[in-house]
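Colleague: Below is the file upload.cif, with mmCIF, N, CA and C atoms and all ligand atoms.
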```cif
data_upload
loop_
_atom_site.label_atom_id
_atom_site.label_comp_id
_atom_site.auth_asym_id
_atom_site.auth_seq_id
_atom_site.Cartn_x
_atom_site.Cartn_y
_atom_site.Cartn_z
N MET A 804 -130.42 -50.64 81.38
CA MET A 804 -131.30 -49.58 81.86
C MET A 804 -131.06 -48.33 81.02
N PHE A 805 -132.12 -47.89 80.32
CA PHE A 805 -132.02 -46.68 79.50
C PHE A 805 -132.47 -45.48 80.33
N VAL A 806 -131.70 -44.39 80.27
CA VAL A 806 -131.94 -43.24 81.15
C VAL A 806 -132.00 -41.93 80.37
N CYS A 807 -133.02 -41.12 80.67
CA CYS A 807 -133.07 -39.73 80.18
C CYS A 807 -133.54 -38.84 81.33
N LEU A 808 -134.03 -37.67 81.02
CA LEU A 808 -134.44 -36.74 82.08
C LEU A 808 -135.84 -37.07 82.61
N GLY A 809 -136.82 -37.10 81.71
CA GLY A 809 -138.21 -37.25 82.15
C GLY A 809 -138.74 -38.67 82.13
N ASN A 810 -138.05 -39.55 81.39
CA ASN A 810 -138.52 -40.94 81.17
C ASN A 810 -139.93 -40.95 80.59
N ILE A 811 -140.19 -40.00 79.68
CA ILE A 811 -141.44 -40.06 78.90
C ILE A 811 -141.18 -39.99 77.39
N CYS A 812 -139.99 -39.57 76.97
CA CYS A 812 -139.71 -39.47 75.52
C CYS A 812 -138.58 -40.41 75.09
N ARG A 813 -137.33 -40.05 75.38
CA ARG A 813 -136.19 -40.77 74.80
C ARG A 813 -135.97 -42.15 75.41
N SER A 814 -135.90 -42.26 76.75
CA SER A 814 -135.57 -43.58 77.30
C SER A 814 -136.73 -44.58 77.18
N PRO A 815 -138.00 -44.17 77.26
CA PRO A 815 -139.06 -45.15 76.98
C PRO A 815 -139.03 -45.62 75.53
N THR A 816 -138.64 -44.71 74.62
CA THR A 816 -138.47 -45.09 73.22
C THR A 816 -137.36 -46.12 73.11
N ALA A 817 -136.22 -45.87 73.76
CA ALA A 817 -135.11 -46.82 73.71
C ALA A 817 -135.54 -48.17 74.30
N GLU A 818 -136.27 -48.13 75.42
CA GLU A 818 -136.73 -49.38 76.03
C GLU A 818 -137.64 -50.16 75.06
N GLY A 819 -138.61 -49.47 74.48
CA GLY A 819 -139.57 -50.16 73.61
C GLY A 819 -138.93 -50.69 72.33
N VAL A 820 -138.05 -49.87 71.73
CA VAL A 820 -137.36 -50.30 70.51
C VAL A 820 -136.45 -51.49 70.83
N PHE A 821 -135.68 -51.36 71.91
CA PHE A 821 -134.75 -52.44 72.25
C PHE A 821 -135.51 -53.71 72.64
N ARG A 822 -136.61 -53.58 73.34
CA ARG A 822 -137.44 -54.75 73.67
C ARG A 822 -137.88 -55.49 72.41
N GLY A 823 -138.36 -54.70 71.45
CA GLY A 823 -138.84 -55.30 70.20
C GLY A 823 -137.73 -56.00 69.43
N LEU A 824 -136.59 -55.31 69.28
CA LEU A 824 -135.49 -55.88 68.48
C LEU A 824 -134.81 -57.04 69.22
N ALA A 825 -134.72 -56.95 70.55
CA ALA A 825 -134.11 -58.03 71.33
C ALA A 825 -134.96 -59.29 71.26
N ALA A 826 -136.28 -59.12 71.28
CA ALA A 826 -137.17 -60.28 71.18
C ALA A 826 -137.00 -60.94 69.81
N GLN A 827 -136.95 -60.12 68.76
CA GLN A 827 -136.73 -60.67 67.41
C GLN A 827 -135.41 -61.42 67.32
N ALA A 828 -134.39 -60.92 68.04
CA ALA A 828 -133.05 -61.53 68.00
C ALA A 828 -132.94 -62.72 68.95
N GLY A 829 -133.99 -62.96 69.76
CA GLY A 829 -133.96 -64.07 70.70
C GLY A 829 -133.02 -63.84 71.87
N LEU A 830 -132.77 -62.56 72.21
CA LEU A 830 -131.89 -62.24 73.33
C LEU A 830 -132.66 -62.30 74.65
N ASP A 831 -132.08 -62.94 75.65
CA ASP A 831 -132.69 -62.99 76.98
C ASP A 831 -131.99 -61.94 77.85
N VAL A 832 -132.63 -60.79 78.01
CA VAL A 832 -131.97 -59.67 78.68
C VAL A 832 -133.00 -58.87 79.49
N VAL A 833 -132.58 -58.42 80.65
CA VAL A 833 -133.47 -57.60 81.49
C VAL A 833 -133.39 -56.16 81.01
N ILE A 834 -134.53 -55.55 80.70
CA ILE A 834 -134.58 -54.23 80.08
C ILE A 834 -135.45 -53.31 80.93
N GLY A 835 -135.00 -52.09 81.14
CA GLY A 835 -135.82 -51.09 81.83
C GLY A 835 -135.48 -49.70 81.32
N SER A 836 -136.25 -48.72 81.80
CA SER A 836 -135.89 -47.33 81.54
C SER A 836 -136.33 -46.49 82.73
N SER A 837 -135.67 -45.36 82.89
CA SER A 837 -136.00 -44.47 84.00
C SER A 837 -135.49 -43.07 83.69
N GLY A 838 -135.90 -42.12 84.53
CA GLY A 838 -135.48 -40.74 84.37
C GLY A 838 -134.72 -40.29 85.61
N THR A 839 -133.93 -39.23 85.44
CA THR A 839 -133.18 -38.71 86.59
C THR A 839 -133.98 -37.66 87.35
N SER A 840 -135.14 -37.25 86.84
CA SER A 840 -135.88 -36.14 87.47
C SER A 840 -137.03 -36.59 88.37
N GLY A 841 -137.72 -37.66 88.00
CA GLY A 841 -138.92 -38.05 88.73
C GLY A 841 -140.13 -37.18 88.46
N TRP A 842 -140.01 -36.21 87.55
CA TRP A 842 -141.09 -35.24 87.31
C TRP A 842 -142.35 -35.90 86.77
N HIS A 843 -142.21 -37.00 86.08
CA HIS A 843 -143.36 -37.63 85.41
C HIS A 843 -143.67 -39.01 85.97
N ASN A 844 -143.23 -39.29 87.19
CA ASN A 844 -143.41 -40.62 87.77
C ASN A 844 -144.83 -41.13 87.58
N GLY A 845 -144.96 -42.34 87.05
CA GLY A 845 -146.26 -42.98 86.86
C GLY A 845 -146.94 -42.64 85.55
N ASP A 846 -146.36 -41.68 84.79
CA ASP A 846 -147.00 -41.26 83.54
C ASP A 846 -146.69 -42.24 82.39
N LEU A 847 -147.61 -42.32 81.45
CA LEU A 847 -147.37 -43.00 80.18
C LEU A 847 -146.29 -42.25 79.40
N PRO A 848 -145.62 -42.94 78.45
CA PRO A 848 -144.76 -42.20 77.53
C PRO A 848 -145.55 -41.10 76.81
N ASP A 849 -144.82 -40.08 76.36
CA ASP A 849 -145.39 -38.98 75.58
C ASP A 849 -146.18 -39.55 74.39
N GLY A 850 -147.35 -38.98 74.13
CA GLY A 850 -148.20 -39.46 73.05
C GLY A 850 -147.53 -39.42 71.69
N ARG A 851 -146.62 -38.47 71.49
CA ARG A 851 -145.92 -38.38 70.21
C ARG A 851 -144.94 -39.55 70.04
N ALA A 852 -144.33 -39.98 71.15
CA ALA A 852 -143.43 -41.14 71.10
C ALA A 852 -144.26 -42.42 70.87
N MET A 853 -145.40 -42.51 71.53
CA MET A 853 -146.24 -43.71 71.36
C MET A 853 -146.74 -43.81 69.92
N ALA A 854 -147.09 -42.67 69.33
CA ALA A 854 -147.59 -42.67 67.95
C ALA A 854 -146.50 -43.10 66.98
N GLU A 855 -145.29 -42.55 67.12
CA GLU A 855 -144.20 -42.93 66.22
C GLU A 855 -143.81 -44.40 66.43
N ALA A 856 -143.88 -44.85 67.69
CA ALA A 856 -143.61 -46.28 67.97
C ALA A 856 -144.60 -47.16 67.21
N ASN A 857 -145.85 -46.80 67.24
CA ASN A 857 -146.87 -47.61 66.54
C ASN A 857 -146.59 -47.67 65.05
N VAL A 858 -146.20 -46.53 64.47
CA VAL A 858 -145.88 -46.50 63.03
C VAL A 858 -144.78 -47.52 62.71
N ARG A 859 -143.82 -47.65 63.64
CA ARG A 859 -142.66 -48.51 63.39
C ARG A 859 -142.81 -49.92 63.95
N GLY A 860 -143.96 -50.21 64.55
CA GLY A 860 -144.19 -51.59 65.01
C GLY A 860 -143.73 -51.89 66.42
N TYR A 861 -143.61 -50.84 67.25
CA TYR A 861 -143.27 -51.05 68.66
C TYR A 861 -144.44 -50.60 69.52
N ASP A 862 -144.50 -51.14 70.75
CA ASP A 862 -145.60 -50.83 71.65
C ASP A 862 -145.04 -50.32 72.98
N LEU A 863 -145.28 -49.05 73.29
CA LEU A 863 -144.77 -48.46 74.54
C LEU A 863 -145.84 -48.39 75.62
N SER A 864 -147.04 -48.95 75.35
CA SER A 864 -148.20 -48.64 76.20
C SER A 864 -148.15 -49.28 77.59
N ALA A 865 -147.26 -50.26 77.80
CA ALA A 865 -147.17 -50.88 79.13
C ALA A 865 -146.18 -50.14 80.03
N GLN A 866 -145.48 -49.16 79.49
CA GLN A 866 -144.40 -48.50 80.23
C GLN A 866 -144.94 -47.29 81.02
N ARG A 867 -144.38 -47.08 82.18
CA ARG A 867 -144.71 -45.93 83.02
C ARG A 867 -143.42 -45.28 83.50
N SER A 868 -143.44 -43.97 83.58
CA SER A 868 -142.24 -43.25 83.98
C SER A 868 -141.84 -43.55 85.42
N SER A 869 -140.53 -43.72 85.63
CA SER A 869 -140.03 -43.94 86.99
C SER A 869 -138.67 -43.24 87.13
N LEU A 870 -138.27 -43.10 88.39
CA LEU A 870 -137.02 -42.41 88.74
C LEU A 870 -135.88 -43.43 88.83
N LEU A 871 -134.71 -43.10 88.27
CA LEU A 871 -133.52 -43.94 88.43
C LEU A 871 -133.16 -44.03 89.92
N LYS A 872 -132.87 -45.26 90.38
CA LYS A 872 -132.59 -45.47 91.81
C LYS A 872 -131.20 -46.06 92.01
N ALA A 873 -130.67 -45.86 93.22
CA ALA A 873 -129.35 -46.42 93.55
C ALA A 873 -129.34 -47.93 93.33
N GLN A 874 -130.43 -48.59 93.67
CA GLN A 874 -130.53 -50.05 93.51
C GLN A 874 -130.29 -50.49 92.06
N ASP A 875 -130.65 -49.63 91.11
CA ASP A 875 -130.47 -49.98 89.69
C ASP A 875 -129.00 -50.22 89.34
N PHE A 876 -128.10 -49.63 90.10
CA PHE A 876 -126.67 -49.83 89.83
C PHE A 876 -126.22 -51.24 90.20
N TYR A 877 -127.03 -51.96 90.99
CA TYR A 877 -126.74 -53.36 91.29
C TYR A 877 -127.50 -54.29 90.34
N GLU A 878 -128.66 -53.85 89.88
CA GLU A 878 -129.54 -54.75 89.11
C GLU A 878 -129.26 -54.73 87.62
N PHE A 879 -128.56 -53.71 87.14
CA PHE A 879 -128.26 -53.60 85.70
C PHE A 879 -126.75 -53.52 85.50
N ASP A 880 -126.26 -54.16 84.42
CA ASP A 880 -124.84 -54.08 84.06
C ASP A 880 -124.54 -52.77 83.34
N LEU A 881 -125.52 -52.32 82.52
CA LEU A 881 -125.31 -51.15 81.65
C LEU A 881 -126.38 -50.11 81.95
N ILE A 882 -125.97 -48.89 82.21
CA ILE A 882 -126.88 -47.76 82.36
C ILE A 882 -126.57 -46.83 81.19
N LEU A 883 -127.48 -46.83 80.22
CA LEU A 883 -127.22 -46.20 78.92
C LEU A 883 -127.99 -44.89 78.84
N CYS A 884 -127.23 -43.79 78.82
CA CYS A 884 -127.81 -42.45 78.95
C CYS A 884 -127.98 -41.79 77.58
N MET A 885 -129.02 -40.96 77.49
CA MET A 885 -129.30 -40.28 76.23
C MET A 885 -128.42 -39.05 76.03
N ASP A 886 -128.00 -38.39 77.11
CA ASP A 886 -127.11 -37.25 76.95
C ASP A 886 -126.15 -37.15 78.13
N ASN A 887 -125.22 -36.20 78.03
CA ASN A 887 -124.18 -36.11 79.05
C ASN A 887 -124.71 -35.65 80.41
N SER A 888 -125.78 -34.85 80.41
CA SER A 888 -126.33 -34.45 81.71
C SER A 888 -126.95 -35.65 82.41
N ASN A 889 -127.51 -36.59 81.64
CA ASN A 889 -128.04 -37.82 82.25
C ASN A 889 -126.90 -38.62 82.89
N ILE A 890 -125.73 -38.62 82.24
CA ILE A 890 -124.58 -39.34 82.82
C ILE A 890 -124.18 -38.70 84.15
N GLU A 891 -124.08 -37.37 84.16
CA GLU A 891 -123.72 -36.67 85.41
C GLU A 891 -124.72 -36.96 86.52
N ASN A 892 -126.02 -36.87 86.17
CA ASN A 892 -127.05 -37.06 87.19
C ASN A 892 -127.11 -38.51 87.66
N SER A 893 -126.77 -39.45 86.78
CA SER A 893 -126.76 -40.86 87.17
C SER A 893 -125.57 -41.14 88.09
N GLU A 894 -124.39 -40.66 87.67
CA GLU A 894 -123.19 -40.92 88.49
C GLU A 894 -123.33 -40.32 89.89
N ALA A 895 -124.13 -39.27 90.00
CA ALA A 895 -124.30 -38.60 91.30
C ALA A 895 -125.02 -39.50 92.31
N ILE A 896 -125.74 -40.53 91.84
CA ILE A 896 -126.43 -41.40 92.81
C ILE A 896 -125.84 -42.82 92.83
N ARG A 897 -124.69 -43.01 92.16
CA ARG A 897 -124.06 -44.34 92.17
C ARG A 897 -123.64 -44.71 93.60
N PRO A 898 -124.07 -45.88 94.09
CA PRO A 898 -123.62 -46.29 95.42
C PRO A 898 -122.13 -46.66 95.37
N ALA A 899 -121.41 -46.39 96.45
CA ALA A 899 -119.98 -46.72 96.49
C ALA A 899 -119.81 -48.21 96.21
N GLY A 900 -118.94 -48.52 95.26
CA GLY A 900 -118.64 -49.92 94.97
C GLY A 900 -119.53 -50.57 93.93
N ALA A 901 -120.64 -49.95 93.54
CA ALA A 901 -121.51 -50.55 92.52
C ALA A 901 -120.84 -50.44 91.16
N LYS A 902 -120.84 -51.55 90.41
CA LYS A 902 -119.96 -51.63 89.22
C LYS A 902 -120.65 -51.37 87.89
N ALA A 903 -121.91 -51.02 87.88
CA ALA A 903 -122.60 -50.81 86.60
C ALA A 903 -121.81 -49.81 85.74
N THR A 904 -121.79 -50.08 84.44
CA THR A 904 -121.15 -49.16 83.50
C THR A 904 -122.16 -48.11 83.06
N VAL A 905 -121.81 -46.83 83.18
CA VAL A 905 -122.67 -45.74 82.72
C VAL A 905 -122.04 -45.14 81.47
N LYS A 906 -122.76 -45.11 80.37
CA LYS A 906 -122.22 -44.56 79.13
C LYS A 906 -123.32 -43.99 78.27
N LEU A 907 -122.92 -43.33 77.18
CA LEU A 907 -123.90 -42.79 76.23
C LEU A 907 -124.44 -43.92 75.36
N PHE A 908 -125.76 -43.95 75.17
CA PHE A 908 -126.38 -44.97 74.32
C PHE A 908 -125.84 -44.90 72.89
N LEU A 909 -125.57 -43.67 72.40
CA LEU A 909 -125.11 -43.53 71.01
C LEU A 909 -123.68 -44.01 70.81
N ASP A 910 -123.00 -44.45 71.88
CA ASP A 910 -121.73 -45.16 71.69
C ASP A 910 -121.93 -46.40 70.83
N TYR A 911 -123.18 -46.91 70.80
CA TYR A 911 -123.48 -48.10 69.99
C TYR A 911 -123.92 -47.74 68.57
N ALA A 912 -123.89 -46.45 68.24
CA ALA A 912 -124.22 -46.00 66.88
C ALA A 912 -123.06 -45.11 66.40
N PRO A 913 -121.85 -45.70 66.25
CA PRO A 913 -120.65 -44.89 66.00
C PRO A 913 -120.67 -44.15 64.67
N ASP A 914 -121.51 -44.59 63.74
CA ASP A 914 -121.55 -43.91 62.43
C ASP A 914 -122.44 -42.68 62.44
N GLN A 915 -123.20 -42.47 63.51
CA GLN A 915 -124.06 -41.29 63.59
C GLN A 915 -123.22 -40.05 63.90
N PRO A 916 -123.58 -38.89 63.35
CA PRO A 916 -122.82 -37.68 63.64
C PRO A 916 -123.03 -37.16 65.07
N LEU A 917 -124.14 -37.52 65.70
CA LEU A 917 -124.43 -37.06 67.05
C LEU A 917 -123.92 -38.07 68.08
N ARG A 918 -123.51 -37.56 69.23
CA ARG A 918 -123.14 -38.44 70.36
C ARG A 918 -124.23 -38.47 71.42
N GLU A 919 -125.13 -37.45 71.43
CA GLU A 919 -126.22 -37.39 72.39
C GLU A 919 -127.55 -37.44 71.63
N VAL A 920 -128.57 -38.06 72.24
CA VAL A 920 -129.90 -38.07 71.62
C VAL A 920 -130.59 -36.75 71.99
N PRO A 921 -130.92 -35.91 71.00
CA PRO A 921 -131.57 -34.63 71.32
C PRO A 921 -132.94 -34.85 71.94
N ASP A 922 -133.35 -33.87 72.77
CA ASP A 922 -134.59 -34.04 73.52
C ASP A 922 -135.80 -33.64 72.67
N PRO A 923 -136.62 -34.60 72.25
CA PRO A 923 -137.73 -34.28 71.35
C PRO A 923 -138.91 -33.64 72.09
N TYR A 924 -138.86 -33.62 73.42
CA TYR A 924 -139.94 -33.01 74.20
C TYR A 924 -140.10 -31.55 73.78
N TYR A 925 -138.97 -30.89 73.54
CA TYR A 925 -139.00 -29.49 73.12
C TYR A 925 -138.86 -29.34 71.61
N GLU A 926 -138.11 -30.26 70.99
CA GLU A 926 -137.74 -30.07 69.57
C GLU A 926 -138.71 -30.78 68.62
N HIS A 927 -139.57 -31.63 69.14
CA HIS A 927 -140.63 -32.30 68.35
C HIS A 927 -140.09 -33.19 67.23
N ASN A 928 -138.81 -33.53 67.29
CA ASN A 928 -138.19 -34.29 66.20
C ASN A 928 -138.19 -35.79 66.51
N PHE A 929 -139.38 -36.33 66.71
CA PHE A 929 -139.47 -37.73 67.14
C PHE A 929 -138.96 -38.70 66.08
N GLU A 930 -139.20 -38.41 64.79
CA GLU A 930 -138.72 -39.35 63.75
C GLU A 930 -137.21 -39.46 63.78
N ALA A 931 -136.51 -38.34 63.88
CA ALA A 931 -135.04 -38.36 63.91
C ALA A 931 -134.55 -39.08 65.17
N VAL A 932 -135.24 -38.87 66.28
CA VAL A 932 -134.85 -39.52 67.53
C VAL A 932 -135.04 -41.05 67.41
N PHE A 933 -136.13 -41.48 66.80
CA PHE A 933 -136.33 -42.92 66.59
C PHE A 933 -135.24 -43.49 65.68
N ASP A 934 -134.86 -42.75 64.64
CA ASP A 934 -133.79 -43.24 63.75
C ASP A 934 -132.50 -43.48 64.53
N LEU A 935 -132.13 -42.51 65.37
CA LEU A 935 -130.91 -42.65 66.18
C LEU A 935 -131.02 -43.84 67.12
N ILE A 936 -132.16 -43.94 67.78
CA ILE A 936 -132.34 -44.99 68.80
C ILE A 936 -132.38 -46.37 68.15
N GLU A 937 -133.01 -46.50 66.99
CA GLU A 937 -133.01 -47.81 66.32
C GLU A 937 -131.59 -48.21 65.92
N ASP A 938 -130.80 -47.25 65.45
CA ASP A 938 -129.43 -47.54 65.06
C ASP A 938 -128.63 -48.04 66.27
N ALA A 939 -128.73 -47.32 67.39
CA ALA A 939 -127.98 -47.71 68.59
C ALA A 939 -128.49 -49.04 69.15
N ALA A 940 -129.79 -49.27 69.08
CA ALA A 940 -130.35 -50.54 69.58
C ALA A 940 -129.80 -51.71 68.76
N ARG A 941 -129.68 -51.51 67.45
CA ARG A 941 -129.11 -52.58 66.61
C ARG A 941 -127.64 -52.80 66.95
N GLY A 942 -126.92 -51.72 67.22
CA GLY A 942 -125.51 -51.85 67.60
C GLY A 942 -125.35 -52.58 68.92
N LEU A 943 -126.21 -52.28 69.87
CA LEU A 943 -126.17 -52.94 71.17
C LEU A 943 -126.48 -54.43 71.02
N ILE A 944 -127.48 -54.75 70.21
CA ILE A 944 -127.82 -56.15 69.99
C ILE A 944 -126.66 -56.89 69.32
N ALA A 945 -126.02 -56.25 68.36
CA ALA A 945 -124.87 -56.89 67.70
C ALA A 945 -123.77 -57.19 68.73
N GLU A 946 -123.54 -56.24 69.64
CA GLU A 946 -122.49 -56.48 70.64
C GLU A 946 -122.90 -57.59 71.62
N LEU A 947 -124.15 -57.59 72.06
CA LEU A 947 -124.59 -58.60 73.03
C LEU A 947 -124.70 -59.98 72.40
N SER A 948 -124.97 -60.00 71.09
CA SER A 948 -125.09 -61.30 70.41
C SER A 948 -123.71 -61.93 70.26
P1 LIG B 1001 -137.17 -37.03 78.04
O1 LIG B 1001 -137.83 -35.62 77.63
O2 LIG B 1001 -136.05 -36.71 79.02
O3 LIG B 1001 -136.64 -37.56 76.75
O4 LIG B 1001 -138.25 -37.88 78.66
C1 LIG B 1001 -138.35 -34.71 78.56
C2 LIG B 1001 -139.60 -34.90 79.09
C3 LIG B 1001 -140.14 -33.98 79.96
C4 LIG B 1001 -139.40 -32.86 80.31
C5 LIG B 1001 -138.14 -32.68 79.79
C6 LIG B 1001 -137.60 -33.60 78.92
N1 LIG B 1001 -139.97 -31.90 81.17
O5 LIG B 1001 -139.37 -30.81 81.34
O6 LIG B 1001 -141.03 -32.12 81.78
#
```
So that I can check it, write out the structure of this file as structure tokens.
Ligand code: 4NP
Modeller:
Amino acid sequence: MFVCLGNICRSPTAEGVFRGLAAQAGLDVVIGSSGTSGWHNGDLPDGRAMAEANVRGYDLSAQRSSLLKAQDFYEFDLILCMDNSNIENSEAIRPAGAKATVKLFLDYAPDQPLREVPDPYYEHNFEAVFDLIEDAARGLIAELS
């Protein structure tokens, strides 16, 4: 489960990129994304993310924004956050005893200088965000394979 704040920019990008690369790798894995805010529930990913996805051969058009739920801590093994505030907000709704691991997605991109994925909603840096996310998605696939 990929998590960011709005679930319209970073985590839908991570979901779509990871879906594409996991399918190519033949991995059978349950994939989702959500936000900690709920501000954009039901919305399509940001048009700028969808456009950059198309350039790179990914399709985000079936995804809709949703809120991270307590139940997700039972249904997913890994809750992969784009930044540290997402980790704090996720841990705040962890049900007692639920064992899902919550960590930064960029833990799977150890050669990158950044540890958090910057928010392109304000910074408009979608290409750089896709580069980071593709690197981490490849690292995650290597570990799961
Ligand atoms: P995301 O980006 O967390 O990567 O989806 C944002 C999207 C929307 C807002 C903030 C961040 N917002 O303030 O509405």
Colleague: Let me have all residues with an atom within 6 Å of ligand LIG 1001 (chain B), counting only C-alpha atoms and all ligand atoms, laid out as a tab-separated table (two decimals) with N, CA and C atoms, keeping the file's coordinate frame.
Modeller:
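The result, written out as pocket.tsv:
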```tsv
chain	number	residue	atom	x	y	z
A	807	CYS	N	-133.02	-41.12	80.67
A	807	CYS	CA	-133.07	-39.73	80.18
A	807	CYS	C	-133.54	-38.84	81.33
A	808	LEU	N	-134.03	-37.67	81.02
A	808	LEU	CA	-134.44	-36.74	82.08
A	808	LEU	C	-135.84	-37.07	82.61
A	809	GLY	N	-136.82	-37.10	81.71
A	809	GLY	CA	-138.21	-37.25	82.15
A	809	GLY	C	-138.74	-38.67	82.13
A	810	ASN	N	-138.05	-39.55	81.39
A	810	ASN	CA	-138.52	-40.94	81.17
A	810	ASN	C	-139.93	-40.95	80.59
A	811	ILE	N	-140.19	-40.00	79.68
A	811	ILE	CA	-141.44	-40.06	78.90
A	811	ILE	C	-141.18	-39.99	77.39
A	812	CYS	N	-139.99	-39.57	76.97
A	812	CYS	CA	-139.71	-39.47	75.52
A	812	CYS	C	-138.58	-40.41	75.09
A	813	ARG	N	-137.33	-40.05	75.38
A	813	ARG	CA	-136.19	-40.77	74.80
A	813	ARG	C	-135.97	-42.15	75.41
A	922	ASP	N	-133.35	-33.87	72.77
A	922	ASP	CA	-134.59	-34.04	73.52
A	922	ASP	C	-135.80	-33.64	72.67
A	924	TYR	N	-138.86	-33.62	73.42
A	924	TYR	CA	-139.94	-33.01	74.20
A	924	TYR	C	-140.10	-31.55	73.78
```
Colleague: To one decimal place in Å, what is the distance between CA of Glu855 (chain A) and CA of Val820 (chain A)?
Modeller: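 Straight-line distance from CA of Glu855 (chain A) to CA of Val820 (chain A) works out to 10.9 Å.
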Colleague: Please identify all polymer residues within 9 Å of Ala873 (chain A), counting only C-alpha atoms, omitting same-chain residues fewer than 3 positions from it, and present them as a ChimeraX atom specification.
Modeller: /A:876-877,893,896-898,901
Colleague: Selected residues, N, CA and C atoms, written as a PDB file, in the frame of the given file, please.
Modeller:
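Result file is selection-v6.pdb:
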```pdb
ATOM      1  N   PHE A 876    -128.100 -49.630  90.100  1.00  0.00           N
ATOM      2  CA  PHE A 876    -126.670 -49.830  89.830  1.00  0.00           C
ATOM      3  C   PHE A 876    -126.220 -51.240  90.200  1.00  0.00           C
ATOM      4  N   TYR A 877    -127.030 -51.960  90.990  1.00  0.00           N
ATOM      5  CA  TYR A 877    -126.740 -53.360  91.290  1.00  0.00           C
ATOM      6  C   TYR A 877    -127.500 -54.290  90.340  1.00  0.00           C
ATOM      7  N   SER A 893    -126.770 -39.450  86.780  1.00  0.00           N
ATOM      8  CA  SER A 893    -126.760 -40.860  87.170  1.00  0.00           C
ATOM      9  C   SER A 893    -125.570 -41.140  88.090  1.00  0.00           C
ATOM     10  N   ILE A 896    -125.740 -40.530  91.840  1.00  0.00           N
ATOM     11  CA  ILE A 896    -126.430 -41.400  92.810  1.00  0.00           C
ATOM     12  C   ILE A 896    -125.840 -42.820  92.830  1.00  0.00           C
ATOM     13  N   ARG A 897    -124.690 -43.010  92.160  1.00  0.00           N
ATOM     14  CA  ARG A 897    -124.060 -44.340  92.170  1.00  0.00           C
ATOM     15  C   ARG A 897    -123.640 -44.710  93.600  1.00  0.00           C
ATOM     16  N   PRO A 898    -124.070 -45.880  94.090  1.00  0.00           N
ATOM     17  CA  PRO A 898    -123.620 -46.290  95.420  1.00  0.00           C
ATOM     18  C   PRO A 898    -122.130 -46.660  95.370  1.00  0.00           C
ATOM     19  N   ALA A 901    -120.640 -49.950  93.540  1.00  0.00           N
ATOM     20  CA  ALA A 901    -121.510 -50.550  92.520  1.00  0.00           C
ATOM     21  C   ALA A 901    -120.840 -50.440  91.160  1.00  0.00           C
TER      22      ALA A 901
END
```
Colleague: Show which residues sit within 12 Å of Leu847 (chain A), as a JSON list (two decimals) with N, CA and C atoms, keeping the file's coordinate frame. Count only C-alpha atoms, and ignore same-chain residues fewer than 6 positions away.
Modeller:
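Okay, out.json is ready:
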```json
[["chain", "number", "residue", "atom", "x", "y", "z"],
["A", 809, "GLY", "N", -136.82, -37.10, 81.71],
["A", 809, "GLY", "CA", -138.21, -37.25, 82.15],
["A", 809, "GLY", "C", -138.74, -38.67, 82.13],
["A", 810, "ASN", "N", -138.05, -39.55, 81.39],
["A", 810, "ASN", "CA", -138.52, -40.94, 81.17],
["A", 810, "ASN", "C", -139.93, -40.95, 80.59],
["A", 811, "ILE", "N", -140.19, -40.00, 79.68],
["A", 811, "ILE", "CA", -141.44, -40.06, 78.90],
["A", 811, "ILE", "C", -141.18, -39.99, 77.39],
["A", 812, "CYS", "N", -139.99, -39.57, 76.97],
["A", 812, "CYS", "CA", -139.71, -39.47, 75.52],
["A", 812, "CYS", "C", -138.58, -40.41, 75.09],
["A", 815, "PRO", "N", -138.00, -44.17, 77.26],
["A", 815, "PRO", "CA", -139.06, -45.15, 76.98],
["A", 815, "PRO", "C", -139.03, -45.62, 75.53],
["A", 816, "THR", "N", -138.64, -44.71, 74.62],
["A", 816, "THR", "CA", -138.47, -45.09, 73.22],
["A", 816, "THR", "C", -137.36, -46.12, 73.11],
["A", 853, "MET", "N", -145.40, -42.51, 71.53],
["A", 853, "MET", "CA", -146.24, -43.71, 71.36],
["A", 853, "MET", "C", -146.74, -43.81, 69.92],
["A", 862, "ASP", "N", -144.50, -51.14, 70.75],
["A", 862, "ASP", "CA", -145.60, -50.83, 71.65],
["A", 862, "ASP", "C", -145.04, -50.32, 72.98],
["A", 863, "LEU", "N", -145.28, -49.05, 73.29],
["A", 863, "LEU", "CA", -144.77, -48.46, 74.54],
["A", 863, "LEU", "C", -145.84, -48.39, 75.62],
["A", 864, "SER", "N", -147.04, -48.95, 75.35],
["A", 864, "SER", "CA", -148.20, -48.64, 76.20],
["A", 864, "SER", "C", -148.15, -49.28, 77.59],
["A", 865, "ALA", "N", -147.26, -50.26, 77.80],
["A", 865, "ALA", "CA", -147.17, -50.88, 79.13],
["A", 865, "ALA", "C", -146.18, -50.14, 80.03],
["A", 866, "GLN", "N", -145.48, -49.16, 79.49],
["A", 866, "GLN", "CA", -144.40, -48.50, 80.23],
["A", 866, "GLN", "C", -144.94, -47.29, 81.02],
["A", 867, "ARG", "N", -144.38, -47.08, 82.18],
["A", 867, "ARG", "CA", -144.71, -45.93, 83.02],
["A", 867, "ARG", "C", -143.42, -45.28, 83.50],
["A", 868, "SER", "N", -143.44, -43.97, 83.58],
["A", 868, "SER", "CA", -142.24, -43.25, 83.98],
["A", 868, "SER", "C", -141.84, -43.55, 85.42],
["A", 869, "SER", "N", -140.53, -43.72, 85.63],
["A", 869, "SER", "CA", -140.03, -43.94, 86.99],
["A", 869, "SER", "C", -138.67, -43.24, 87.13]]
```
Colleague: Find the residues with any atom within 6 Å of (-131.5, -38.4, 78.7); use all atoms listed in the file and the coordinates as given in the file, and write the answer as a compact mmCIF listing (two decimals) with N, CA and C atoms, in the coordinates of the input.
Modeller:
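Produced file result22.txt, reproduced below:
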```txt
# COMPACT_ATOMS: atom_id res chain seq x y z
N VAL A 806 -131.70 -44.39 80.27
CA VAL A 806 -131.94 -43.24 81.15
C VAL A 806 -132.00 -41.93 80.37
N CYS A 807 -133.02 -41.12 80.67
CA CYS A 807 -133.07 -39.73 80.18
C CYS A 807 -133.54 -38.84 81.33
N LEU A 808 -134.03 -37.67 81.02
CA LEU A 808 -134.44 -36.74 82.08
C LEU A 808 -135.84 -37.07 82.61
N CYS A 884 -127.23 -43.79 78.82
CA CYS A 884 -127.81 -42.45 78.95
C CYS A 884 -127.98 -41.79 77.58
N MET A 885 -129.02 -40.96 77.49
CA MET A 885 -129.30 -40.28 76.23
C MET A 885 -128.42 -39.05 76.03
N ASP A 886 -128.00 -38.39 77.11
CA ASP A 886 -127.11 -37.25 76.95
C ASP A 886 -126.15 -37.15 78.13
N ASN A 889 -127.51 -36.59 81.64
CA ASN A 889 -128.04 -37.82 82.25
C ASN A 889 -126.90 -38.62 82.89
```
